[in-house]
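Student: Here you go, one structure.
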Amino acid sequence: MRIGLLGGSFNPIHNAHLRIATEAQDACLLDRIIFIPAADPPHKPLAGNVSFESRSRMVSMALAGRADFEMSTLEKERGGKSYSIDTIRAFRERFPDDDLFFIIGGDSFIEIGTWYRYADIFRSCNLIVVERPGCPVTNPIGALPEVVRGDFTFDAKTGCLTHESGTRIIFIMGSPLELSSTEIRRLAATGGDISRYVPHDVAEYISQQRIYSQCQ
């Protein structure tokens with residue numbers, strides 16, 4: 001089975017997250033995608049101090065009716081900082097015989113050298129890098145941290161990078177949406193209409209629970 005892993009704070013989950021998942025699934029023939037809300041993101045604090053329970057509830061709503069999309073609360077159950085390498089290894093133990101594909105945006109790929117034990121990520125699973133607005137990856141090898149560039153070969157025909165361990169980094173141009181969780185939170189805080197940017201049930205939940213009222 002080919003399994004995609006898509007992590008994030010999902011604060012809130014929005015239509016661009018769903019499009020990224022769908023385009024990764026279509027491009028790489030993924031059988032299922034697991035959305036993984038971060039419990040304690042290591043790179044930046046959660047805006048508005050929105051609880052894991054609220055964020056995971058929104059993810060669950062957004063995935064309703066999609067048998068091939070599911071949510072995992074692994075990072076909350078594990079506790080501690082939500083480091084990607086720890087999450088990937090946990091899923092590798094859970095699915096030892098399956099192909100794992102960790103899905104990230106182009107903006108995250110450009111900054112991956114700042115991630116905890118990032119070199120181990122490359123040998124632990126495949127990566128799918130989906131283009132994000134304003135962050136095209138025009139030079140895949142050059143975008144890698146310099147200390148690991150020699151571990152990869154670039155296939156000009158496929159546009160993929162292959163790690164010496166056999167894992168691959170696959171780049172998808174996609175059709176990026178100009179969506180920002182920051183702007184959605186700001187709009188929700190002022191009572192604006194966010195129904196164009198998030199699934200209907202998520203918009204209703206945010207409004208009814210006043211999730212982002214404290215972001216004003």
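In the structure tokens, the first chain shown is A, the next is B, and so on; residue numbers restart at 1 for each chain, and ligands run from 1 in the order shown.
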Sorted by chain and rising residue number, which residues of range 68-172 of chain A lie within 10 Å of range 37-41 of chain A, and what are their closest atom pairs and distances in Å to one decimal, counting only C-alpha atoms, as JSON lines?
Tutor:
{"residue": "A:Met71", "atom": "CA", "partner": "A:Pro37", "partner_atom": "CA", "distance": 7.9}
{"residue": "A:Ser72", "atom": "CA", "partner": "A:Pro37", "partner_atom": "CA", "distance": 7.4}
{"residue": "A:Thr73", "atom": "CA", "partner": "A:Pro37", "partner_atom": "CA", "distance": 6.8}
{"residue": "A:Leu74", "atom": "CA", "partner": "A:Pro37", "partner_atom": "CA", "distance": 8.5}
{"residue": "A:Glu75", "atom": "CA", "partner": "A:Ala39", "partner_atom": "CA", "distance": 5.6}
{"residue": "A:Lys76", "atom": "CA", "partner": "A:Ala39", "partner_atom": "CA", "distance": 5.0}
{"residue": "A:Glu77", "atom": "CA", "partner": "A:Ala39", "partner_atom": "CA", "distance": 8.7}
{"residue": "A:Arg78", "atom": "CA", "partner": "A:Ala39", "partner_atom": "CA", "distance": 9.0}
{"residue": "A:Gly79", "atom": "CA", "partner": "A:Ala39", "partner_atom": "CA", "distance": 7.4}
{"residue": "A:Gly80", "atom": "CA", "partner": "A:Asp40", "partner_atom": "CA", "distance": 6.8}
{"residue": "A:Lys81", "atom": "CA", "partner": "A:Asp40", "partner_atom": "CA", "distance": 5.0}
{"residue": "A:Ser82", "atom": "CA", "partner": "A:Asp40", "partner_atom": "CA", "distance": 5.3}
{"residue": "A:Tyr83", "atom": "CA", "partner": "A:Pro41", "partner_atom": "CA", "distance": 7.5}
{"residue": "A:Ser84", "atom": "CA", "partner": "A:Ala38", "partner_atom": "CA", "distance": 9.3}
{"residue": "A:Thr87", "atom": "CA", "partner": "A:Ala38", "partner_atom": "CA", "distance": 9.8}
Student: Go ahead and dump the residues you just picked, N, CA and C atoms, as a PDB file, in the first residue's frame.
Tutor:
ATOM      1  N   MET A  71      -7.607  10.729   9.798  1.00  0.00           N
ATOM      2  CA  MET A  71      -6.838  11.537  10.732  1.00  0.00           C
ATOM      3  C   MET A  71      -6.201  10.652  11.786  1.00  0.00           C
ATOM      4  N   SER A  72      -4.999  11.031  12.216  1.00  0.00           N
ATOM      5  CA  SER A  72      -4.318  10.336  13.302  1.00  0.00           C
ATOM      6  C   SER A  72      -4.034  11.322  14.428  1.00  0.00           C
ATOM      7  N   THR A  73      -4.255  10.893  15.656  1.00  0.00           N
ATOM      8  CA  THR A  73      -3.931  11.700  16.828  1.00  0.00           C
ATOM      9  C   THR A  73      -2.615  11.240  17.464  1.00  0.00           C
ATOM     10  N   LEU A  74      -1.776  10.625  16.673  1.00  0.00           N
ATOM     11  CA  LEU A  74      -0.527  10.048  17.175  1.00  0.00           C
ATOM     12  C   LEU A  74       0.328  11.063  17.925  1.00  0.00           C
ATOM     13  N   GLU A  75       0.439  12.281  17.412  1.00  0.00           N
ATOM     14  CA  GLU A  75       1.342  13.244  18.035  1.00  0.00           C
ATOM     15  C   GLU A  75       0.843  13.681  19.410  1.00  0.00           C
ATOM     16  N   LYS A  76      -0.455  13.725  19.597  1.00  0.00           N
ATOM     17  CA  LYS A  76      -1.001  14.029  20.921  1.00  0.00           C
ATOM     18  C   LYS A  76      -0.765  12.863  21.870  1.00  0.00           C
ATOM     19  N   GLU A  77      -0.975  11.661  21.376  1.00  0.00           N
ATOM     20  CA  GLU A  77      -0.809  10.467  22.213  1.00  0.00           C
ATOM     21  C   GLU A  77       0.648  10.285  22.629  1.00  0.00           C
ATOM     22  N   ARG A  78       1.569  10.640  21.730  1.00  0.00           N
ATOM     23  CA  ARG A  78       2.988  10.449  22.024  1.00  0.00           C
ATOM     24  C   ARG A  78       3.489  11.471  23.035  1.00  0.00           C
ATOM     25  N   GLY A  79       2.993  12.697  22.947  1.00  0.00           N
ATOM     26  CA  GLY A  79       3.444  13.757  23.832  1.00  0.00           C
ATOM     27  C   GLY A  79       4.774  14.333  23.391  1.00  0.00           C
ATOM     28  N   GLY A  80       5.186  15.441  23.989  1.00  0.00           N
ATOM     29  CA  GLY A  80       6.434  16.096  23.630  1.00  0.00           C
ATOM     30  C   GLY A  80       6.318  16.881  22.343  1.00  0.00           C
ATOM     31  N   LYS A  81       7.436  17.428  21.886  1.00  0.00           N
ATOM     32  CA  LYS A  81       7.463  18.182  20.648  1.00  0.00           C
ATOM     33  C   LYS A  81       7.079  17.287  19.466  1.00  0.00           C
ATOM     34  N   SER A  82       6.363  17.876  18.519  1.00  0.00           N
ATOM     35  CA  SER A  82       5.876  17.105  17.364  1.00  0.00           C
ATOM     36  C   SER A  82       6.912  17.116  16.244  1.00  0.00           C
ATOM     37  N   TYR A  83       8.009  16.411  16.460  1.00  0.00           N
ATOM     38  CA  TYR A  83       9.062  16.345  15.445  1.00  0.00           C
ATOM     39  C   TYR A  83       8.666  15.371  14.341  1.00  0.00           C
ATOM     40  N   SER A  84       8.860  15.802  13.107  1.00  0.00           N
ATOM     41  CA  SER A  84       8.443  14.990  11.963  1.00  0.00           C
ATOM     42  C   SER A  84       9.139  13.642  11.927  1.00  0.00           C
ATOM     43  N   THR A  87       7.461  11.172  14.139  1.00  0.00           N
ATOM     44  CA  THR A  87       6.171  10.756  13.585  1.00  0.00           C
ATOM     45  C   THR A  87       6.366   9.769  12.440  1.00  0.00           C
TER      46      THR A  87
END
Student: Determine, using only C-alpha atoms, which residues of range 16-104 of chain A have any atom at most 12 Å from an atom of range 170-193 of chain A, and tabulate each with its shortest atom pair and distance in Å to one decimal place, rows ordered by chain and then rising number, as JSON lines.
Tutor:
{"residue": "A:Ala16", "atom": "CA", "partner": "A:Leu177", "partner_atom": "CA", "distance": 5.6}
{"residue": "A:His17", "atom": "CA", "partner": "A:Leu177", "partner_atom": "CA", "distance": 9.2}
{"residue": "A:Leu18", "atom": "CA", "partner": "A:Leu177", "partner_atom": "CA", "distance": 10.4}
{"residue": "A:Arg19", "atom": "CA", "partner": "A:Pro176", "partner_atom": "CA", "distance": 8.0}
{"residue": "A:Ile20", "atom": "CA", "partner": "A:Gly174", "partner_atom": "CA", "distance": 7.7}
{"residue": "A:Ala21", "atom": "CA", "partner": "A:Gly174", "partner_atom": "CA", "distance": 10.5}
{"residue": "A:Thr22", "atom": "CA", "partner": "A:Gly174", "partner_atom": "CA", "distance": 9.8}
{"residue": "A:Glu23", "atom": "CA", "partner": "A:Gly174", "partner_atom": "CA", "distance": 6.5}
{"residue": "A:Ala24", "atom": "CA", "partner": "A:Ile172", "partner_atom": "CA", "distance": 7.3}
{"residue": "A:Gln25", "atom": "CA", "partner": "A:Ile172", "partner_atom": "CA", "distance": 10.7}
{"residue": "A:Asp26", "atom": "CA", "partner": "A:Ile172", "partner_atom": "CA", "distance": 10.3}
{"residue": "A:Ala27", "atom": "CA", "partner": "A:Ile172", "partner_atom": "CA", "distance": 7.5}
{"residue": "A:Cys28", "atom": "CA", "partner": "A:Ile170", "partner_atom": "CA", "distance": 8.6}
{"residue": "A:Leu46", "atom": "CA", "partner": "A:Thr182", "partner_atom": "CA", "distance": 10.8}
{"residue": "A:Ala47", "atom": "CA", "partner": "A:Thr182", "partner_atom": "CA", "distance": 8.3}
{"residue": "A:Gly48", "atom": "CA", "partner": "A:Arg185", "partner_atom": "CA", "distance": 8.8}
{"residue": "A:Asn49", "atom": "CA", "partner": "A:Arg185", "partner_atom": "CA", "distance": 12.0}
{"residue": "A:Val50", "atom": "CA", "partner": "A:Arg185", "partner_atom": "CA", "distance": 10.9}
{"residue": "A:Phe101", "atom": "CA", "partner": "A:Ile170", "partner_atom": "CA", "distance": 9.3}
{"residue": "A:Phe102", "atom": "CA", "partner": "A:Ile170", "partner_atom": "CA", "distance": 10.2}
{"residue": "A:Ile103", "atom": "CA", "partner": "A:Ile170", "partner_atom": "CA", "distance": 9.5}
{"residue": "A:Ile104", "atom": "CA", "partner": "A:Phe171", "partner_atom": "CA", "distance": 10.0}
Student: Include C-alpha atoms and write out the residues we just selected as a CSV table (one decimal), in the first residue's frame.
Tutor:
chain,number,residue,atom,x,y,z
A,16,ALA,CA,-5.5,24.4,0.2
A,17,HIS,CA,-4.6,21.5,2.6
A,18,LEU,CA,-7.2,19.3,0.9
A,19,ARG,CA,-6.0,20.3,-2.5
A,20,ILE,CA,-2.4,19.5,-1.7
A,21,ALA,CA,-3.5,16.0,-0.4
A,22,THR,CA,-5.6,15.3,-3.5
A,23,GLU,CA,-2.9,16.4,-5.9
A,24,ALA,CA,-0.3,14.3,-4.1
A,25,GLN,CA,-2.6,11.4,-4.1
A,26,ASP,CA,-3.3,11.7,-7.8
A,27,ALA,CA,0.3,12.2,-8.8
A,28,CYS,CA,1.8,9.4,-6.8
A,46,LEU,CA,0.2,28.0,17.9
A,47,ALA,CA,-1.6,31.2,17.1
A,48,GLY,CA,-4.5,31.9,19.4
A,49,ASN,CA,-3.6,29.0,21.7
A,50,VAL,CA,-6.2,26.8,19.9
A,101,PHE,CA,5.2,9.4,1.4
A,102,PHE,CA,5.7,12.4,3.6
A,103,ILE,CA,3.9,15.4,2.0
A,104,ILE,CA,5.1,18.9,2.5
Student: Could you name the residues that touch Pro96 in chain A at 12 Å or less, counting only C-alpha atoms, but leaving out those on the same chain fewer than 4 positions away, as a list in words?
Tutor: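 Final neighbour list, sorted by chain and number: Met1, Arg2, Ile3, Ile88, Arg89, Ala90, Phe91, Arg92, Leu100, Ser124 and Cys125 of chain A.
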Student: If DSSP is run on the backbone, what residues of range 22-181 of chain A are strand (DSSP E)? A reply as number ranges by chain would be ideal.
Tutor: A: 32-37, 69-71, 99-105, 126-130, 152-155, 160-163, 168-172
Student: Write out as a list of chain:residue names each polymer residue whose atoms come within 10 Å of range 141-149 of chain A, counting only C-alpha atoms; drop sequence neighbours fewer than 6 positions from it.
Tutor: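 The neighbour list is A:Gly106, A:Phe109, A:Ile110, A:Glu111, A:Ile112, A:Gly113, A:Thr114, A:Tyr118, A:Ala119, A:Phe122, A:Cys160, A:Leu161, A:His163.
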Student: How would the residues just chosen look if you wrote them out with C-alpha atoms as an mmCIF file, in the first residue's frame?
Tutor:
data_model
loop_
_atom_site.group_PDB
_atom_site.id
_atom_site.type_symbol
_atom_site.label_atom_id
_atom_site.label_comp_id
_atom_site.auth_asym_id
_atom_site.auth_seq_id
_atom_site.Cartn_x
_atom_site.Cartn_y
_atom_site.Cartn_z
ATOM 1 C CA GLY A 106 7.633 23.833 -1.268
ATOM 2 C CA PHE A 109 11.152 21.955 1.738
ATOM 3 C CA ILE A 110 13.241 25.093 1.301
ATOM 4 C CA GLU A 111 13.512 25.349 5.110
ATOM 5 C CA ILE A 112 13.972 21.632 5.827
ATOM 6 C CA GLY A 113 17.588 22.185 6.871
ATOM 7 C CA THR A 114 16.243 23.798 10.062
ATOM 8 C CA TYR A 118 16.266 16.325 8.895
ATOM 9 C CA ALA A 119 18.915 14.056 7.340
ATOM 10 C CA PHE A 122 15.379 11.555 3.785
ATOM 11 C CA CYS A 160 12.875 13.498 -8.936
ATOM 12 C CA LEU A 161 15.725 13.276 -6.484
ATOM 13 C CA HIS A 163 18.580 9.373 -2.045
#
Student: Which value, in Å to one decimal, gives the distance between CA of Phe95 in chain A and CA of Arg132 in chain A?
Tutor: 28.9 Å
Student: Considering only C-alpha atoms, tabulate each residue of range 178-213 of chain A that lies at most 7 Å from range 4-15 of chain A along with its nearest interatomic pair and the corresponding distance in Å to one decimal; arrange the rows by chain and ascending residue number and present them as CSV.
Tutor:
residue,atom,partner,partner_atom,distance
A:Ser181,CA,A:Pro12,CA,6.3
A:Tyr197,CA,A:Asn15,CA,5.7
A:Val198,CA,A:His14,CA,4.4
A:Pro199,CA,A:Asn15,CA,6.8
Student: Based on DSSP run over this structure's backbone, return all residues of range 17-185 of chain A in helix (DSSP H, G or I), as a PyMOL selection string.
Tutor: chain A and resi 17-28+47-49+52-62+74-78+84-94+106-110+112-114+118-124+140-143+146-151+181-185
Student: With a distance cut-off of 10 Å and only C-alpha atoms, select the neighbouring residues of Val202 in chain A, excluding the residue or stretch itself and same-chain residues fewer than 2 positions from it, and output the selection as an MDAnalysis selection string.
Tutor: chainID A and resid 12:14 55 57:62 194:195 197:200 204:208
Student: Give me a file of those residues, with N, CA and C atoms, as an mmCIF file, in the first residue's frame.
Tutor:
data_model
loop_
_atom_site.group_PDB
_atom_site.id
_atom_site.type_symbol
_atom_site.label_atom_id
_atom_site.label_comp_id
_atom_site.auth_asym_id
_atom_site.auth_seq_id
_atom_site.Cartn_x
_atom_site.Cartn_y
_atom_site.Cartn_z
ATOM 1 N N PRO A 12 -6.771 26.995 10.992
ATOM 2 C CA PRO A 12 -7.558 25.764 10.821
ATOM 3 C C PRO A 12 -7.133 25.017 9.555
ATOM 4 N N ILE A 13 -7.644 23.797 9.397
ATOM 5 C CA ILE A 13 -7.500 23.106 8.115
ATOM 6 C C ILE A 13 -8.296 23.887 7.086
ATOM 7 N N HIS A 14 -7.767 24.011 5.864
ATOM 8 C CA HIS A 14 -8.479 24.779 4.841
ATOM 9 C C HIS A 14 -8.379 24.080 3.488
ATOM 10 N N ARG A 55 -8.619 21.674 16.938
ATOM 11 C CA ARG A 55 -8.001 21.542 15.620
ATOM 12 C C ARG A 55 -8.252 20.155 15.034
ATOM 13 N N ARG A 57 -10.751 18.259 15.747
ATOM 14 C CA ARG A 57 -12.179 18.200 15.428
ATOM 15 C C ARG A 57 -12.434 18.806 14.054
ATOM 16 N N MET A 58 -11.776 19.902 13.740
ATOM 17 C CA MET A 58 -11.946 20.521 12.425
ATOM 18 C C MET A 58 -11.408 19.627 11.312
ATOM 19 N N VAL A 59 -10.281 18.968 11.577
ATOM 20 C CA VAL A 59 -9.738 18.043 10.580
ATOM 21 C C VAL A 59 -10.716 16.904 10.333
ATOM 22 N N SER A 60 -11.258 16.345 11.390
ATOM 23 C CA SER A 60 -12.217 15.248 11.256
ATOM 24 C C SER A 60 -13.420 15.675 10.430
ATOM 25 N N MET A 61 -13.913 16.883 10.658
ATOM 26 C CA MET A 61 -15.036 17.402 9.882
ATOM 27 C C MET A 61 -14.666 17.540 8.407
ATOM 28 N N ALA A 62 -13.480 18.054 8.145
ATOM 29 C CA ALA A 62 -13.053 18.295 6.772
ATOM 30 C C ALA A 62 -12.893 16.997 5.980
ATOM 31 N N ILE A 194 -15.814 32.949 5.957
ATOM 32 C CA ILE A 194 -14.672 32.106 5.612
ATOM 33 C C ILE A 194 -15.102 30.860 4.843
ATOM 34 N N SER A 195 -16.368 30.808 4.444
ATOM 35 C CA SER A 195 -16.902 29.587 3.825
ATOM 36 C C SER A 195 -16.270 29.286 2.473
ATOM 37 N N TYR A 197 -13.094 29.388 1.998
ATOM 38 C CA TYR A 197 -11.722 28.970 2.260
ATOM 39 C C TYR A 197 -11.600 27.665 3.034
ATOM 40 N N VAL A 198 -12.655 27.284 3.729
ATOM 41 C CA VAL A 198 -12.639 26.051 4.520
ATOM 42 C C VAL A 198 -13.914 25.272 4.212
ATOM 43 N N PRO A 199 -13.924 23.957 4.454
ATOM 44 C CA PRO A 199 -15.156 23.184 4.262
ATOM 45 C C PRO A 199 -16.306 23.756 5.087
ATOM 46 N N HIS A 200 -17.516 23.555 4.598
ATOM 47 C CA HIS A 200 -18.705 24.166 5.204
ATOM 48 C C HIS A 200 -18.821 23.852 6.697
ATOM 49 N N GLU A 204 -18.792 26.459 9.955
ATOM 50 C CA GLU A 204 -19.868 26.514 10.949
ATOM 51 C C GLU A 204 -19.327 26.301 12.358
ATOM 52 N N TYR A 205 -18.432 25.365 12.501
ATOM 53 C CA TYR A 205 -17.846 25.059 13.812
ATOM 54 C C TYR A 205 -17.057 26.250 14.341
ATOM 55 N N ILE A 206 -16.248 26.857 13.488
ATOM 56 C CA ILE A 206 -15.456 28.017 13.897
ATOM 57 C C ILE A 206 -16.372 29.147 14.354
ATOM 58 N N SER A 207 -17.438 29.374 13.614
ATOM 59 C CA SER A 207 -18.374 30.443 13.956
ATOM 60 C C SER A 207 -19.112 30.157 15.253
ATOM 61 N N GLN A 208 -19.635 28.951 15.376
ATOM 62 C CA GLN A 208 -20.441 28.606 16.553
ATOM 63 C C GLN A 208 -19.611 28.573 17.830
#
Student: For each of A:Ala64, A:Ile36, A:Ile211, A:Ile169, take the minimum atom-to-atom distance to Asn126 in chain A, counting only C-alpha atoms, then give the residue where this is smallest.
Tutor: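 Counting only C-alpha atoms, the residue closest to Asn126 in chain A is A:Ile169.
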Student: Need the shell around Asp107 in chain A: protein/DNA/RNA residues with any atom at most 10 Å away, counting only C-alpha atoms. Skip same-chain ones fewer than 6 positions apart. Format as a ChimeraX atom specification?
Tutor: /A:129-137
Student: Closest to Gly166 in chain A among A:Asp201, A:Ser108, A:Leu127, A:Thr138, using only C-alpha atoms?
Tutor: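 Between A:Asp201, A:Ser108, A:Leu127, A:Thr138, the residue approaching Gly166 in chain A most closely is A:Leu127.
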Student: What separation in Å, quoted to one decimal, exists between CA of Trp115 in chain A and CA of Asp86 in chain A?
Tutor: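 According to the coordinates, CA of Trp115 in chain A and CA of Asp86 in chain A are separated by 11.7 Å.
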Student: Would you work out the distance separating CA of Ile121 in chain A from CA of Glu93 in chain A, expressed in Å to one decimal?
Tutor: 14.4 Å
